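Colleague: This is the structure, below, for whatever I ask next.
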Protein chains: 8
Amino acid sequence: MSFTVYLSGEIHTDWREEIERGAAAAGLDITFTSAVTDHDASDAAGDHLGPACEGFWRDHKSSKINAIRTKTLIEMSDLVVVRFGDKYKQWNAAFDAGYCAALGKPYVTLHSEEIVHPLKEVDAAAMGWCTSTDQVVEILKYVTQ
Amino acid sequence: MSFTVYLSGEIHTDWREEIERGAAAAGLDITFTSAVTDHDASDAAGDHLGPACEGFWRDHKSSKINAIRTKTLIEMSDLVVVRFGDKYKQWNAAFDAGYCAALGKPYVTLHSEEIVHPLKEVDAAAMGWCTSTDQVVEILKYVTQ
Amino acid sequence: MSFTVYLSGEIHTDWREEIERGAAAAGLDITFTSAVTDHDASDAAGDHLGPACEGFWRDHKSSKINAIRTKTLIEMSDLVVVRFGDKYKQWNAAFDAGYCAALGKPYVTLHSEEIVHPLKEVDAAAMGWCTSTDQVVEILKYVTQ
Amino acid sequence: MSFTVYLSGEIHTDWREEIERGAAAAGLDITFTSAVTDHDASDAAGDHLGPACEGFWRDHKSSKINAIRTKTLIEMSDLVVVRFGDKYKQWNAAFDAGYCAALGKPYVTLHSEEIVHPLKEVDAAAMGWCTSTDQVVEILKYVTQ
Amino acid sequence: MSFTVYLSGEIHTDWREEIERGAAAAGLDITFTSAVTDHDASDAAGDHLGPACEGFWRDHKSSKINAIRTKTLIEMSDLVVVRFGDKYKQWNAAFDAGYCAALGKPYVTLHSEEIVHPLKEVDAAAMGWCTSTDQVVEILKYVTQ
Amino acid sequence: MSFTVYLSGEIHTDWREEIERGAAAAGLDITFTSAVTDHDASDAAGDHLGPACEGFWRDHKSSKINAIRTKTLIEMSDLVVVRFGDKYKQWNAAFDAGYCAALGKPYVTLHSEEIVHPLKEVDAAAMGWCTSTDQVVEILKYVTQ
Amino acid sequence: MSFTVYLSGEIHTDWREEIERGAAAAGLDITFTSAVTDHDASDAAGDHLGPACEGFWRDHKSSKINAIRTKTLIEMSDLVVVRFGDKYKQWNAAFDAGYCAALGKPYVTLHSEEIVHPLKEVDAAAMGWCTSTDQVVEILKYVTQ
Amino acid sequence: MSFTVYLSGEIHTDWREEIERGAAAAGLDITFTSAVTDHDASDAAGDHLGPACEGFWRDHKSSKINAIRTKTLIEMSDLVVVRFGDKYKQWNAAFDAGYCAALGKPYVTLHSEEIVHPLKEVDAAAMGWCTSTDQVVEILKYVTQ
């Protein structure tokens, strides 16, 4: 069974590659998608558009261009994995989770036990909570068997 | 014109009361709603339900009970104000913003300039960004005139 | 805060009255709705309509008339309580739960611990599991405070 | 004409294989899907995820992982067949039927005459009632001709 | 329990008044709505609008003005009664039934036994078939009790 | 550009074949779908299912089996052509038109000038009115160029 | 019958007041809503929000604040009247019409004959075309009788 | 990553070809769609249908035939580019933008700085504003990388 899985959140570790490698090793028929994960490129996504600006409006322009991609890919996916790392605010990951919840799109979270309490609303609407990429791959194996 | 406004996010300062006082002072016909904002009560919302548990499942039980209220009130509202303070992760606020975005429910954010960059995806889908409760009241005056 | 709560399922015990009494005692502003709970009347709901028949078609006619009421009331409600008793198949209760799940309508279940395993899919999409009507009233108090 | 048919319910008899053989014998272009039908695997679907637990939470974890698959497959299908056998509670089958009804997804039921009365609400929203897998195959032949 | 019931179809007999009288006699809290039932006024609903025209475009103009009312009232109703008399094509009644079916809005039909066969698709998606206005009133009594 | 066109209505003339031949002659990339158009087979679509019956319930059983096909094909189509001939009630065609209107699915009608007035509500929600199959083919050529 | 009517478009003539006076004179139970129609206030709707800016971003900020009001009021209305005057681009009026069309919200247009051709797509999805406010009032009388 | 992009608006310059050439030069996997852009053919799209007419009804007939194509293609697209040139009213472009906004379909605008102010509502709901076709191509490169 083929599946499309959107990988949302943290861009500073290689969790996406771990999941993709695990799925490939298991021979799963899964298409993985995600936002553009190059931080600088993502911040600059709207820089070629006018009006030139810094701060709020620069972020605004770039985030909307990024949303063209992320919104479409989330809506096309069968499952979303939302990753929260140890650093940074990662509000975009929680935003994606809320977006999925309202659409009725299934998602699982991937985060350490330390942040269970602040993520309780995000986890409450999730279909599962993983602490390792191996657990995510295990879920993918199971649901697409 | 009457309006229903859901106040999402930070529960450690009195921003909700400031907005409500401002709206009352301006004679606006607005019903304000929100999650249960008593932190301890909110954490314990599911404690009377079985099975007794600590950690993840305690949070899970309570968050789902809270979601009965928050989901309903967000869907009933005409506008959501999403507040990010200076402390804590506040992923539930970002989750609510994503939920609104997917529903097409208008929301504005309320946060300081320091956190513009990490909130760029949340602000990109918002109808406005406020830095003070006075600005929120000003918007409410304008849109309900 | 006012709420509309649909009470689905078992019709052979007085669980509905217990919840209604509890909510009244607590001074809650809740409108309770339900299917017609008179078993014989419910089975005969379509008997005045043609063609006269027994067995499958009699049940079919009556169930559709009942569904005019139940479908409308479920969609109008803010919360559904789905009750499974100790006897009978109660497939209509599980049907209502699935109906709620697909609509994104929050529901809680009310059943004894003995039937946790066969109800696992129904509980998985619920916002909470209660074993007593007091627990249901407690939830209603909390979410409508 | 190609069709996707989700087979919901009973996992203790070989009704799925009978339908699949019948469709193959008739040369129909049908993709059959279903939940994971290995009972033990299904009960254990969430066991590799934390926190370790028994009873309610074990069921909860596993059912949500299963729902990632079942929800997606039901929504992708053109027709659902909901099977009720002679044993067990089978509330998940009735849940799936309610889920289909709310989505407007056509389904037929497959069950013996003995349980017509308790299934009346489930049958009332169905497009047909079958008592044998041959009848299901006959429907598939007809609607995909 | 209050209900809103849209009465669709035949305008040449007093079936609407019969149902309204029956509901009033039974003390039911029902709001009845319908299209404008004055045939000439309905045909002329767009005549004051340009461009002046006869035949197809005259009908087109008027039907669209009528649809402003009928579409809104059907969507606001809890139940639709679709009446087919002995004369005329009454395609608008069948159109309303199809409209309800796609919206998931419950409807019952009201027609004599003579036209059961040509109405089989319309009846297949209905919640009941009545042959007299008394039967309709009986349903209203039952579902709003 | 490829298109899927559902052909609804009259089954006693060869209008479907005329449109299909015209589209083929023009080299259009169109998939045509329709209900089962063998009248006797359509009336008997549910005869192999219990309970055996005549009249209303026979029609009911068969119409629901037919609806599995028609509902799915209408929802999958890009355009629906609704044909009204000179004979019979053809309420199913008007029902399909109403179904399309509520879904926002574009449809054109195909009927003679004699029945413009009784079809005014059906035509009011249509994207065009054709009096010949050549006109339908012309539309298909134009919209898929 | 009560109705809510949103008046979209031109803000430089008193067409809104004419319609409101006409409806009042006819004793109609209609609530009229609209965007803020004070041009300068509308352009300045976001000026109290940061960051201070001119040109594109000033317009952007203000338009989003205005959209909180207009989007909500359009969705709450039963009918929208879209007015195109003789001057200015009035793209916002055409935007509102497209918004209504996608929502399935009925609207009528109000414009002179001179601009029929450039407005053909807007008129094609409308329920009627008026050239005077009297014609609008006539429609309101008819549909709410 | 493949994408479908609908190009809406101005038909008097070769902006569509510029974007298509740019995307081809960059090796992007994009399917471009649009309305029929031959002005005379578009105006005449309904001329082969009765009743023969000039002015409003001619435009009406043709616009509805065009809408069969445009509505379908917009709904199938992942992104819409809405182009406003220097001439003409171009209300259809603004209509398409409003249609996208209500559907939640992402769109970017393409227009010169001179018309920023009258397009403020259209830009407020857009994901970006471009002044050159190169900027559009840049966005397509970025979002489909």
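Chains: A, B, ... in order of the structure tokens. Residues: from 1 per chain. Ligands: from 1, in order shown.
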Taking only chain B into account, list the residues labelled strand (DSSP E) by DSSP (computed from the backbone), as a ChimeraX atom specification.
Modeller: /B:3-9,30-34,79-83,107-110,128-130
Colleague: Distance cut-off 7 Å, counting only C-alpha atoms - which residues of chain A neighbour chain B? Return them as a list in words.
Modeller: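 Therefore, the residues near the partner are Phe56, Asp59, His60, Ser63, Lys64, Lys89, Trp91, Asn92, Ala94, Phe95, Asp96, Ala97, Gly98, Tyr99, Ala101, Ala102, Leu103, Val116, His117, Pro118, Leu119, Lys120, Glu121, Val122 and Ala124 of chain A.
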Colleague: Among segment 2-55 of chain G, which residues does DSSP mark as alpha helix (DSSP H) when it is run on the backbone? Keep the chain and numbering as in the structure and answer as an NGL selection string.
Modeller: :G and (15-25 or 39-43)
Colleague: For segment 132-134 of chain H, please output as a PyMOL selection string all residues within 8 Å (counting only C-alpha atoms; exclusion window: fewer than 3 positions along the same chain).
Modeller: chain H and resi 15+18-19+22+110-111+137-138
Colleague: Between D:Ala41, D:Val82, D:Ile68, D:Cys130, single out the one closest to Tyr107 of chain D, counting only C-alpha atoms.
Modeller: D:Val82
Colleague: I'd like the interatomic distance between atom CA of Thr33 of chain C and atom CA of Thr31 of chain B, to a tenth of an Å.
Modeller: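 It comes out at 25.6 Å.
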Colleague: Find the residues around Lys141 of chain B up to 8 Å (only C-alpha atoms counted), leave out those fewer than 4 positions away in its own chain, and share them as a PyMOL selection string.
Modeller: chain B and resi 23+26+28+137+145
Colleague: Store the residues picked out above in a file with N, CA, C and O atoms, as an mmCIF file, in the first residue's frame.
Modeller:
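New file out_7.cif:
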data_model
loop_
_atom_site.group_PDB
_atom_site.id
_atom_site.type_symbol
_atom_site.label_atom_id
_atom_site.label_comp_id
_atom_site.auth_asym_id
_atom_site.auth_seq_id
_atom_site.Cartn_x
_atom_site.Cartn_y
_atom_site.Cartn_z
ATOM 1 N N ALA B 23 -12.853 46.800 25.848
ATOM 2 C CA ALA B 23 -14.068 46.634 25.039
ATOM 3 C C ALA B 23 -15.281 47.167 25.792
ATOM 4 O O ALA B 23 -16.162 47.808 25.202
ATOM 5 N N ALA B 26 -15.370 50.891 25.780
ATOM 6 C CA ALA B 26 -15.782 51.412 24.464
ATOM 7 C C ALA B 26 -17.226 51.060 24.145
ATOM 8 O O ALA B 26 -17.729 51.404 23.073
ATOM 9 N N LEU B 28 -18.555 48.161 23.489
ATOM 10 C CA LEU B 28 -18.682 47.192 22.394
ATOM 11 C C LEU B 28 -19.551 46.001 22.820
ATOM 12 O O LEU B 28 -19.539 45.595 23.977
ATOM 13 N N VAL B 137 -8.068 46.091 21.104
ATOM 14 C CA VAL B 137 -9.343 46.774 21.339
ATOM 15 C C VAL B 137 -9.673 47.696 20.160
ATOM 16 O O VAL B 137 -10.825 47.780 19.713
ATOM 17 N N GLN B 145 -17.974 48.281 14.338
ATOM 18 C CA GLN B 145 -18.661 49.604 14.359
ATOM 19 C C GLN B 145 -19.981 49.532 13.607
ATOM 20 O O GLN B 145 -20.148 48.759 12.702
#
Colleague: What does the distance between atom CA of Ser2 of chain G and atom CA of Ile30 of chain G come to in Å, to one decimal place?
Modeller: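 Distance between the two atoms: 5.6 Å.
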Colleague: Have a look at F:Thr72, F:Leu49, F:Ala44, F:Glu54 and name the one nearest to Thr4 of chain D; count only C-alpha atoms.
Modeller: F:Thr72
